[in-house]
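> For reference, this is model_15.txt, and it has compact mmCIF, C-alpha atoms and all ligand atoms.
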# COMPACT_ATOMS: atom_id res chain seq x y z
CA MET J 1 2.91 9.43 14.96
CA GLY J 2 1.17 12.33 16.68
CA ALA J 3 2.21 15.08 14.29
CA GLY J 4 -1.42 15.59 13.30
CA MET J 5 -1.65 13.96 9.87
CA THR J 6 -5.07 12.45 10.55
CA THR J 7 -6.23 15.70 12.13
CA ALA J 8 -5.03 17.65 9.08
CA ILE J 9 -6.89 15.46 6.57
CA LYS J 10 -10.05 15.79 8.66
CA ALA J 11 -9.65 19.58 8.76
CA LEU J 12 -9.20 19.81 4.99
CA SER J 13 -11.50 17.16 3.54
CA GLU J 14 -14.87 18.03 2.05
CA ILE J 15 -15.99 14.41 2.11
CA GLU J 16 -16.33 12.07 5.06
CA VAL J 17 -12.78 10.92 5.68
CA VAL J 18 -11.86 7.28 5.19
CA SER J 19 -9.82 6.38 8.20
CA THR J 20 -7.95 3.32 9.41
CA GLU J 21 -7.39 4.00 13.07
CA ALA J 22 -6.38 1.15 15.33
CA ASN J 23 -5.90 0.94 19.05
CA ASN J 24 -2.53 2.47 19.88
CA SER J 25 -0.51 -0.02 21.90
CA GLU J 26 2.41 2.39 22.28
CA ARG J 27 0.86 4.88 24.65
CA ASP J 28 4.29 5.26 26.22
CA VAL J 29 5.64 6.62 22.93
CA VAL J 30 2.75 8.91 21.99
CA ASP J 31 -0.14 9.15 24.40
CA LYS J 32 -3.19 9.04 22.16
CA PRO J 33 -5.87 6.36 21.94
CA THR J 34 -5.56 5.42 18.26
CA THR J 35 -3.06 5.42 15.45
CA THR J 36 -3.34 5.21 11.66
CA VAL J 37 -2.33 1.79 10.33
CA ALA J 38 -3.03 2.08 6.61
CA LEU J 39 -4.12 5.51 5.42
CA ASP J 40 -6.48 8.43 5.79
CA TYR J 41 -8.29 9.56 2.69
CA GLY J 42 -9.99 12.87 2.03
CA GLU J 43 -10.92 15.01 -0.96
CA ILE J 44 -11.25 18.64 -1.92
CA VAL J 45 -13.42 19.21 -4.98
CA LEU J 46 -12.07 21.90 -7.29
CA SER J 47 -14.50 21.57 -10.18
CA ASN J 48 -16.66 18.93 -11.84
CA ASP J 49 -13.72 16.94 -13.08
CA GLU J 50 -10.94 18.07 -10.79
CA LYS J 51 -10.31 17.16 -7.23
CA ILE J 52 -7.44 16.97 -4.82
CA ARG J 53 -7.06 13.54 -3.32
CA MET J 54 -5.35 13.61 0.04
CA TYR J 55 -3.78 10.61 1.67
CA GLY J 56 -2.52 10.61 5.22
CA ILE J 57 0.08 7.97 5.94
CA PRO J 58 1.13 6.22 9.14
CA GLY J 59 4.35 7.88 10.26
CA GLN J 60 5.88 4.85 11.95
CA ARG J 61 8.63 3.22 9.94
CA ARG J 62 7.09 -0.22 10.32
CA PHE J 63 4.45 0.95 7.82
CA ASP J 64 6.95 1.95 5.16
CA PHE J 65 5.30 -0.44 2.69
CA MET J 66 2.33 1.97 2.76
CA TRP J 67 4.69 4.85 2.05
CA ALA J 68 5.99 2.94 -0.98
CA ILE J 69 2.45 2.43 -2.29
CA LEU J 70 1.35 6.01 -1.77
CA LYS J 71 4.44 7.90 -2.79
CA THR J 72 4.43 6.58 -6.33
CA ARG J 73 0.99 8.16 -6.76
CA ALA J 74 1.65 11.41 -4.99
CA GLU J 75 2.13 14.75 -6.75
CA GLY J 76 3.15 16.48 -3.58
CA MET J 77 3.43 16.10 0.14
CA VAL J 78 2.85 18.15 3.24
CA LEU J 79 5.39 16.80 5.68
CA LEU J 80 4.11 17.35 9.21
CA VAL J 81 6.74 17.32 11.89
CA ASN J 82 5.83 17.15 15.57
CA ASN J 83 8.01 19.76 17.23
CA ASP J 84 7.32 18.16 20.59
CA ALA J 85 9.12 14.95 19.50
CA GLU J 86 12.56 13.85 20.65
CA ASN J 87 14.48 15.18 17.65
CA PRO J 88 12.18 16.86 15.14
CA ILE J 89 14.94 18.02 12.82
CA ALA J 90 16.30 14.48 12.48
CA GLU J 91 12.75 13.27 11.80
CA MET J 92 12.32 15.80 9.02
CA LEU J 93 15.65 14.86 7.46
CA ALA J 94 14.83 11.15 7.59
CA PHE J 95 11.50 11.69 5.83
CA VAL J 96 13.09 13.93 3.20
CA GLU J 97 15.47 11.05 2.53
CA ASP J 98 12.64 8.52 2.31
CA PHE J 99 10.61 10.77 0.02
CA ARG J 100 13.63 12.08 -1.81
CA GLU J 101 12.19 11.91 -5.31
CA LEU J 102 9.07 13.79 -4.35
CA CYS J 103 11.13 16.44 -2.59
CA TYR J 104 13.42 16.93 -5.55
CA LYS J 105 10.37 17.26 -7.81
CA GLY J 106 9.53 20.36 -5.78
CA GLY J 107 6.58 18.57 -4.23
CA VAL J 108 7.09 19.15 -0.55
CA VAL J 109 6.27 21.70 2.11
CA VAL J 110 7.15 21.18 5.75
CA GLY J 111 4.62 22.01 8.46
CA VAL J 112 5.95 22.10 12.00
CA SER J 113 3.13 21.29 14.42
CA ARG J 114 2.81 21.57 18.20
CA SER J 115 5.16 24.54 18.11
CA GLU J 116 3.06 26.36 20.71
CA ILE J 117 3.95 23.51 23.09
CA ALA J 118 7.54 23.15 21.90
CA PRO J 119 8.76 26.43 20.34
CA GLN J 120 12.24 25.01 19.68
CA PRO J 121 13.66 24.29 17.18
CA THR J 122 12.55 27.26 15.11
CA THR J 123 11.69 27.09 11.42
CA GLY J 124 14.98 28.86 10.76
CA GLU J 125 16.83 25.99 12.40
CA PHE J 126 14.86 23.48 10.33
CA ALA J 127 15.73 25.40 7.17
CA ARG J 128 19.43 25.58 8.03
CA ALA J 129 19.59 21.86 8.82
CA LEU J 130 17.89 21.03 5.55
CA ALA J 131 20.14 23.36 3.56
CA GLU J 132 23.20 21.74 5.06
CA VAL J 133 22.22 18.27 3.82
CA HIS J 134 20.33 19.32 0.69
CA PRO J 135 21.70 22.70 -0.42
CA GLU J 136 19.93 22.42 -3.76
CA LEU J 137 16.45 21.96 -2.24
CA THR J 138 14.12 24.88 -1.70
CA VAL J 139 11.42 23.82 0.72
CA PRO J 140 8.85 26.12 2.31
CA ILE J 141 8.87 25.51 6.06
CA PHE J 142 6.32 26.99 8.42
CA THR J 143 4.76 26.38 11.78
CA LEU J 144 1.13 25.37 11.63
CA ASP J 145 -1.64 23.84 13.66
CA PRO J 146 -3.16 20.84 11.83
CA ARG J 147 -6.44 21.46 13.64
CA SER J 148 -6.83 24.74 11.77
CA LYS J 149 -8.47 24.44 8.36
CA ASP J 150 -7.15 27.86 7.35
CA GLN J 151 -3.58 27.03 8.20
CA MET J 152 -3.74 23.66 6.45
CA GLN J 153 -5.27 25.30 3.36
CA MET J 154 -2.40 27.75 3.33
CA ALA J 155 0.11 24.89 3.39
CA LEU J 156 -1.74 23.05 0.65
CA LEU J 157 -1.97 26.18 -1.48
CA THR J 158 1.76 26.79 -1.13
CA LEU J 159 2.37 23.23 -2.26
CA ILE J 160 0.08 23.61 -5.26
CA VAL J 161 1.65 26.91 -6.30
CA ASN J 162 5.09 25.35 -6.05
CA LEU J 163 4.03 22.43 -8.22
CA GLU J 164 2.42 24.74 -10.78
CA MET J 165 5.53 26.92 -10.98
CA ARG J 166 7.52 23.81 -11.50
CA GLU J 167 5.24 22.75 -14.30
CA THR J 168 5.35 26.15 -15.97
CA PHE J 169 8.95 27.20 -15.45
CA GLY J 170 10.75 23.97 -14.77
CA GLU J 171 13.17 23.52 -11.93
CA ALA J 172 14.31 27.16 -11.94
CA GLY J 173 10.83 28.37 -11.07
CA VAL J 174 10.88 26.44 -7.83
CA GLN J 175 14.47 27.35 -7.02
CA GLN J 176 13.71 31.04 -7.19
CA ALA J 177 10.47 30.83 -5.24
CA MET S 1 -2.55 1.47 31.97
CA THR S 2 -2.88 -2.13 30.79
CA THR S 3 0.11 -3.91 29.28
CA SER S 4 -0.03 -4.25 25.50
CA PRO S 5 -0.34 -7.88 24.37
CA GLN S 6 3.09 -7.89 22.71
CA ASN S 7 4.65 -6.85 26.02
CA ASP S 8 2.74 -9.28 28.18
CA PRO S 9 4.83 -12.47 28.54
CA ALA S 10 1.81 -14.56 29.54
CA VAL S 11 -0.11 -13.54 26.42
CA VAL S 12 2.92 -14.03 24.17
CA GLU S 13 3.50 -17.51 25.58
CA ALA S 14 -0.14 -18.53 25.27
CA ALA S 15 -0.30 -17.21 21.72
CA SER S 16 2.83 -19.15 20.73
CA ALA S 17 1.45 -22.33 22.25
CA LEU S 18 -1.82 -21.93 20.34
CA LEU S 19 0.00 -21.43 17.03
CA THR S 20 2.13 -24.51 17.61
CA GLU S 21 -0.99 -26.51 18.35
CA MET S 22 -2.70 -25.10 15.25
CA LYS S 23 0.24 -26.16 13.12
CA GLY S 24 -0.06 -29.64 14.60
CA VAL S 25 -3.70 -29.83 13.52
CA SER S 26 -3.22 -28.73 9.91
CA VAL S 27 -0.24 -29.68 7.76
CA SER S 28 -1.45 -27.11 5.24
CA LEU S 29 -0.75 -24.27 7.63
CA VAL S 30 2.37 -22.58 6.31
CA TYR S 31 2.50 -19.52 8.54
CA ALA S 32 0.39 -17.93 11.22
CA ALA S 33 0.73 -14.98 13.54
CA PHE S 34 -1.14 -13.17 16.26
CA LEU S 35 -0.69 -9.42 16.03
CA THR S 36 -2.03 -6.28 17.62
CA ASP S 37 -4.51 -3.95 15.94
CA ASP S 38 -1.73 -1.47 15.37
CA GLY S 39 0.58 -3.97 13.74
CA PHE S 40 2.88 -5.43 16.38
CA ASP S 41 3.80 -9.07 16.28
CA VAL S 42 2.58 -10.90 19.40
CA ALA S 43 3.59 -14.43 18.37
CA ARG S 44 4.31 -16.23 15.13
CA LEU S 45 5.21 -19.63 13.78
CA PRO S 46 8.85 -19.88 12.86
CA SER S 47 9.04 -19.38 9.13
CA ARG S 48 11.20 -18.37 6.26
CA VAL S 49 8.31 -17.07 4.16
CA THR S 50 8.22 -13.67 5.80
CA ASP S 51 9.75 -11.29 8.26
CA GLY S 52 7.38 -11.44 11.25
CA PRO S 53 7.28 -7.77 12.30
CA ARG S 54 6.87 -6.59 8.74
CA PHE S 55 4.07 -9.06 8.07
CA ALA S 56 2.32 -8.01 11.29
CA SER S 57 2.28 -4.39 10.16
CA MET S 58 0.97 -5.32 6.71
CA ALA S 59 -1.71 -7.53 8.22
CA SER S 60 -2.89 -4.71 10.48
CA SER S 61 -3.14 -2.38 7.48
CA MET S 62 -5.20 -4.99 5.59
CA GLN S 63 -7.46 -5.45 8.58
CA ALA S 64 -8.08 -1.72 8.92
CA LEU S 65 -8.64 -1.31 5.19
CA SER S 66 -11.19 -4.12 5.06
CA ASP S 67 -12.96 -2.64 8.08
CA ALA S 68 -12.99 0.72 6.26
CA VAL S 69 -14.48 -0.88 3.13
CA ALA S 70 -17.13 -2.71 5.16
CA HIS S 71 -17.95 0.55 6.91
CA GLU S 72 -18.13 2.45 3.61
CA LEU S 73 -20.50 -0.12 2.10
CA ARG S 74 -22.52 -0.35 5.30
CA ILE S 75 -22.32 -4.10 5.52
CA GLY S 76 -21.36 -4.22 9.19
CA GLY S 77 -17.96 -5.03 10.61
CA SER S 78 -15.77 -7.30 8.50
CA GLU S 79 -15.74 -10.87 9.84
CA TYR S 80 -12.77 -12.24 8.02
CA LEU S 81 -10.74 -11.57 4.95
CA ILE S 82 -9.32 -13.98 2.44
CA ILE S 83 -6.58 -13.48 -0.11
CA SER S 84 -6.66 -16.35 -2.56
CA SER S 85 -3.61 -16.87 -4.72
CA LEU S 86 -2.13 -19.45 -7.04
CA ASN S 87 -0.03 -21.08 -4.33
CA GLY S 88 -2.09 -20.61 -1.25
CA TYR S 89 -4.34 -18.31 0.67
CA VAL S 90 -4.34 -16.02 3.64
CA ILE S 91 -7.19 -16.04 6.12
CA GLN S 92 -7.35 -13.29 8.65
CA LEU S 93 -9.77 -12.36 11.36
CA ARG S 94 -10.03 -10.49 14.59
CA VAL S 95 -9.67 -12.29 17.88
CA PRO S 96 -13.25 -11.70 19.05
CA GLY S 97 -13.57 -9.08 21.75
CA SER S 98 -9.88 -8.22 21.79
CA LEU S 99 -7.47 -5.83 20.11
CA MET S 100 -5.69 -8.65 18.33
CA VAL S 101 -5.81 -10.27 14.92
CA LEU S 102 -4.96 -13.80 13.77
CA SER S 103 -3.56 -14.11 10.28
CA ALA S 104 -2.82 -17.51 8.71
CA LEU S 105 -1.30 -18.65 5.44
CA PHE S 106 -2.37 -22.05 4.07
CA ASP S 107 -1.18 -23.99 1.05
CA ASN S 108 -3.70 -25.08 -1.56
CA ASP S 109 -4.08 -28.59 -0.14
CA ALA S 110 -6.54 -27.35 2.47
CA THR S 111 -10.03 -26.25 1.47
CA VAL S 112 -10.97 -22.67 2.23
CA GLY S 113 -13.77 -23.92 4.47
CA ALA S 114 -11.50 -26.08 6.58
CA ALA S 115 -8.89 -23.36 6.82
CA LEU S 116 -11.44 -20.76 7.83
CA ALA S 117 -12.94 -23.06 10.44
CA LEU S 118 -9.51 -23.75 11.92
CA THR S 119 -8.49 -20.08 11.99
CA ARG S 120 -11.79 -19.13 13.62
CA THR S 121 -11.41 -21.83 16.24
CA TYR S 122 -7.97 -20.63 17.25
CA ALA S 123 -8.98 -16.97 17.28
CA ALA S 124 -11.79 -17.94 19.64
CA ARG S 125 -9.37 -19.94 21.79
CA MET S 126 -7.28 -16.78 22.12
CA THR S 127 -10.37 -14.92 23.30
CA GLY S 128 -10.72 -17.58 25.96
CA ILE S 129 -7.22 -16.73 27.16
CA VAL S 130 -7.16 -12.94 27.00
CA GLY S 131 -10.85 -12.52 27.79
CA GLY S 132 -13.33 -10.76 25.55
N1 LIG C 201 -1.79 21.53 20.86
C1 LIG C 201 -1.67 21.04 19.66
N2 LIG C 201 -2.21 19.85 19.39
C2 LIG C 201 -2.07 19.35 18.16
C3 LIG C 201 -1.37 20.02 17.14
N3 LIG C 201 -1.36 19.26 16.04
C4 LIG C 201 -2.05 18.15 16.34
N4 LIG C 201 -2.49 18.19 17.63
C5 LIG C 201 -3.25 17.16 18.33
O1 LIG C 201 -2.42 16.03 18.39
C6 LIG C 201 -3.12 14.85 18.04
C7 LIG C 201 -2.56 14.31 16.74
O2 LIG C 201 -3.23 13.17 16.44
P1 LIG C 201 -3.34 12.58 14.97
O3 LIG C 201 -3.93 13.57 14.02
O4 LIG C 201 -4.01 11.29 15.12
O5 LIG C 201 -1.79 12.37 14.60
P2 LIG C 201 -1.14 11.48 13.45
O6 LIG C 201 -0.54 10.31 14.14
O7 LIG C 201 -0.09 12.36 12.84
O8 LIG C 201 -2.21 11.09 12.48
C8 LIG C 201 -4.57 15.27 17.93
O9 LIG C 201 -5.19 15.09 19.17
C9 LIG C 201 -4.49 16.74 17.58
O10 LIG C 201 -5.63 17.47 18.01
C10 LIG C 201 -0.80 21.30 17.46
O11 LIG C 201 -0.16 21.98 16.63
N5 LIG C 201 -0.98 21.74 18.73
MG MG C 202 -2.75 9.35 11.78
As structure tokens, what does this structure read like?
Ligand SMILES: Nc1nc2c(ncn2[C@@H]2O[C@H](COP(=O)(O)OP(=O)(O)O)[C@@H](O)[C@H]2O)c(=O)[nH]1
Ligand SMILES: [Mg+2]


Amino acid sequence: MGAGMTTAIKALSEIEVVSTEANNSERDVVDKPTTTVALDYGEIVLSNDEKIRMYGIPGQRRFDFMWAILKTRAEGMVLLVNNDAENPIAEMLAFVEDFRELCYKGGVVVGVSRSEIAPQPTTGEFARALAEVHPELTVPIFTLDPRSKDQMQMALLTLIVNLEMRETFGEAGVQQA
Amino acid sequence: MTTSPQNDPAVVEAASALLTEMKGVSVSLVYAAFLTDDGFDVARLPSRVTDGPRFASMASSMQALSDAVAHELRIGGSEYLIISSLNGYVIQLRVPGSLMVLSALFDNDATVGAALALTRTYAARMTGIVGG
């Protein structure tokens, strides 16, 4: 919660976002008025019959049933990590574990948010921690601000290119990227 | 900062007492829980049908999704939602004027009308306690 998933979908979507915000009763954990309890939904239209459907999920583990529903339909995932959280690297690793299949399909990029507030750990440290646990995974990791449409588009584009390489060249394509 | 309902012992106790009373009124009531908008269990009937915290989170997702659908279709806020199944049904509604939801599971011996009336009554009773 608070990494900017809802903000990111709003920045990217070309349609009015479907949101499921509820009063946040854990202001002591993350001080913001609302939190996502089911999903955010947005779209980017590519052509008449092609569009990117984007789902934002609630990050709290108590909503893992929503993760289960959405991850079976997902082609790829932008994993936003709040660098201002207690232990952002551990959070990233836990989500990679929970979305293991998607990650191993080459369908993940990691976006580290709030890095202007909390510059540590660096993306290099994220990458090293990930490589230690998952040496065979190649995951693009960058800092970004979910409020910025440009930066979110860059993350999404990277994800799409990764997925396309995977489709064209198989696993090796992603490994070498 | 106001205390969240799930952390307010007076609210938790009142909610538990209401659920116990509700169970006493309807033998068809299998399970019921008060929960916060963001999916925390405030009080629940003892039950083996579900894990309370997990159900509370699911119920909050359902509530938010039905509100989103009602908003999308421009039919006003959703008043209640019903899931009707072979072996029972779930009735869920907001505690009027509060940031809580009451969700109740009934067996098929009760009519939907009676179950809805009962659930509404107890949601309103909760409003009387927490204010609205
Ligand atoms: N300063 C700063 N604020 C951010 C950044 N990313 C997100 N935010 C803010 O943090 C809050 C995140 O809220 P939200 O999008 O609801 O988070 P969610 O729980 O991940 O959906 C919003 O108020 C954003 O404007 C960032 O990189 N820097
Ligand atoms: Mg959110």

> Please check the contacts: residues of chain S at most 12 Å away from chain J, using only C-alpha atoms, listed as a ChimeraX atom specification.

/S:1-8,35-42,51-73,98-101

> Return the single residue from S:Gly128, S:Gly88, S:Gly77, S:Gly97 that is closest to S:Asp109, with distances computed using all atoms listed in the file.

S:Gly88

> Using all atoms listed in the file, which residues have at least one atom no more than 6 Å from ligand LIG 201 (chain C)? Output them as a PDB file with C-alpha atoms, in the frame of the given file.


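Dumped to selection_32.pdb:
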ATOM      1  CA  MET J   1       2.910   9.430  14.960  1.00  0.00           C
ATOM      2  CA  GLY J   2       1.170  12.330  16.680  1.00  0.00           C
ATOM      3  CA  ALA J   3       2.210  15.080  14.290  1.00  0.00           C
ATOM      4  CA  GLY J   4      -1.420  15.590  13.300  1.00  0.00           C
ATOM      5  CA  MET J   5      -1.650  13.960   9.870  1.00  0.00           C
ATOM      6  CA  THR J   6      -5.070  12.450  10.550  1.00  0.00           C
ATOM      7  CA  THR J   7      -6.230  15.700  12.130  1.00  0.00           C
ATOM      8  CA  THR J  35      -3.060   5.420  15.450  1.00  0.00           C
ATOM      9  CA  SER J 113       3.130  21.290  14.420  1.00  0.00           C
ATOM     10  CA  ARG J 114       2.810  21.570  18.200  1.00  0.00           C
ATOM     11  CA  ASP J 145      -1.640  23.840  13.660  1.00  0.00           C
ATOM     12  CA  PRO J 146      -3.160  20.840  11.830  1.00  0.00           C
ATOM     13  CA  ARG J 147      -6.440  21.460  13.640  1.00  0.00           C
TER      14      ARG J 147
END

> At a cut-off of 12 Å, using only C-alpha atoms, what residues contact stretch 126-137 of chain J? Leave out same-chain residues fewer than 5 positions from it and give the result as a PyMOL selection string.

chain J and resi 81+83+87-97+100-112+120-121+142-143+171-172+174-177

> Give me the residues within 9 Å of J:Tyr55 as a count of residues only, counting only C-alpha atoms and dropping any in the same chain fewer than 2 places off.

10

> Rank J:Ser13, J:Asn48, J:Gln60, J:Thr122 by their smallest atom-to-atom distance to ligand MG 202 (chain C), using all atoms listed in the file, and report the top residue only.

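Residue with the minimum atom-to-atom distance to ligand MG 202 (chain C): J:Gln60.
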
> Considering all atoms listed in the file, return as a PyMOL selection string whatever protein or nucleic-acid residues lie within 12 Å of S:Leu86, sequence-local ones (same chain, fewer than 3 positions apart) excluded.

chain S and resi 83+89-90+106-109

> State, in Å with one decimal place, the distance from atom CA of S:Leu29 to atom CA of S:Ala115.

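These two atoms are separated by 8.2 Å.
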
> Take atom CA of J:Gln151 and atom CA of J:Leu163 and report the distance between them in Å, one decimal.

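Separation of atom CA of J:Gln151 and atom CA of J:Leu163: 18.7 Å.
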
> In Å, rounded to a single decimal, give me how far atom MG of ligand MG 202 (chain C) is from atom CA of S:Ala124.

29.8 Å

> Kindly provide, as a ChimeraX atom specification, the polymer residues lying within 9 Å of (-9.4, -13.8, 13.7), counting all atoms listed in the file and using the coordinates exactly as they appear in the file.

/S:34,79-80,91-96,100-103,119-124

> Extending 8 Å beyond the listed atoms of stretch 115-132 of chain S on each side, what axis-aligned box results? I want centre and edge lengths in Å to one decimal, as AutoDock Vina command-line options.


--center_x -10.2 --center_y -17.3 --center_z 17.3 --size_x 22.2 --size_y 29.0 --size_z 37.0

> So which one's closest to ligand MG 202 (chain C), J:Met165, J:Leu144, J:Leu80, J:Ile15? Using all atoms listed in the file, please.

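Looking only at the distances to ligand MG 202 (chain C), the closest residue turns out to be J:Leu80.
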
> Mind checking which residues fall within 9 Å of S:Ala14, counting only C-alpha atoms, ignoring those fewer than 6 positions away in the same chain, and posting them as a list in words?

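Non-adjacent residues within range: Ala43, Met126 and Ile129 of chain S.
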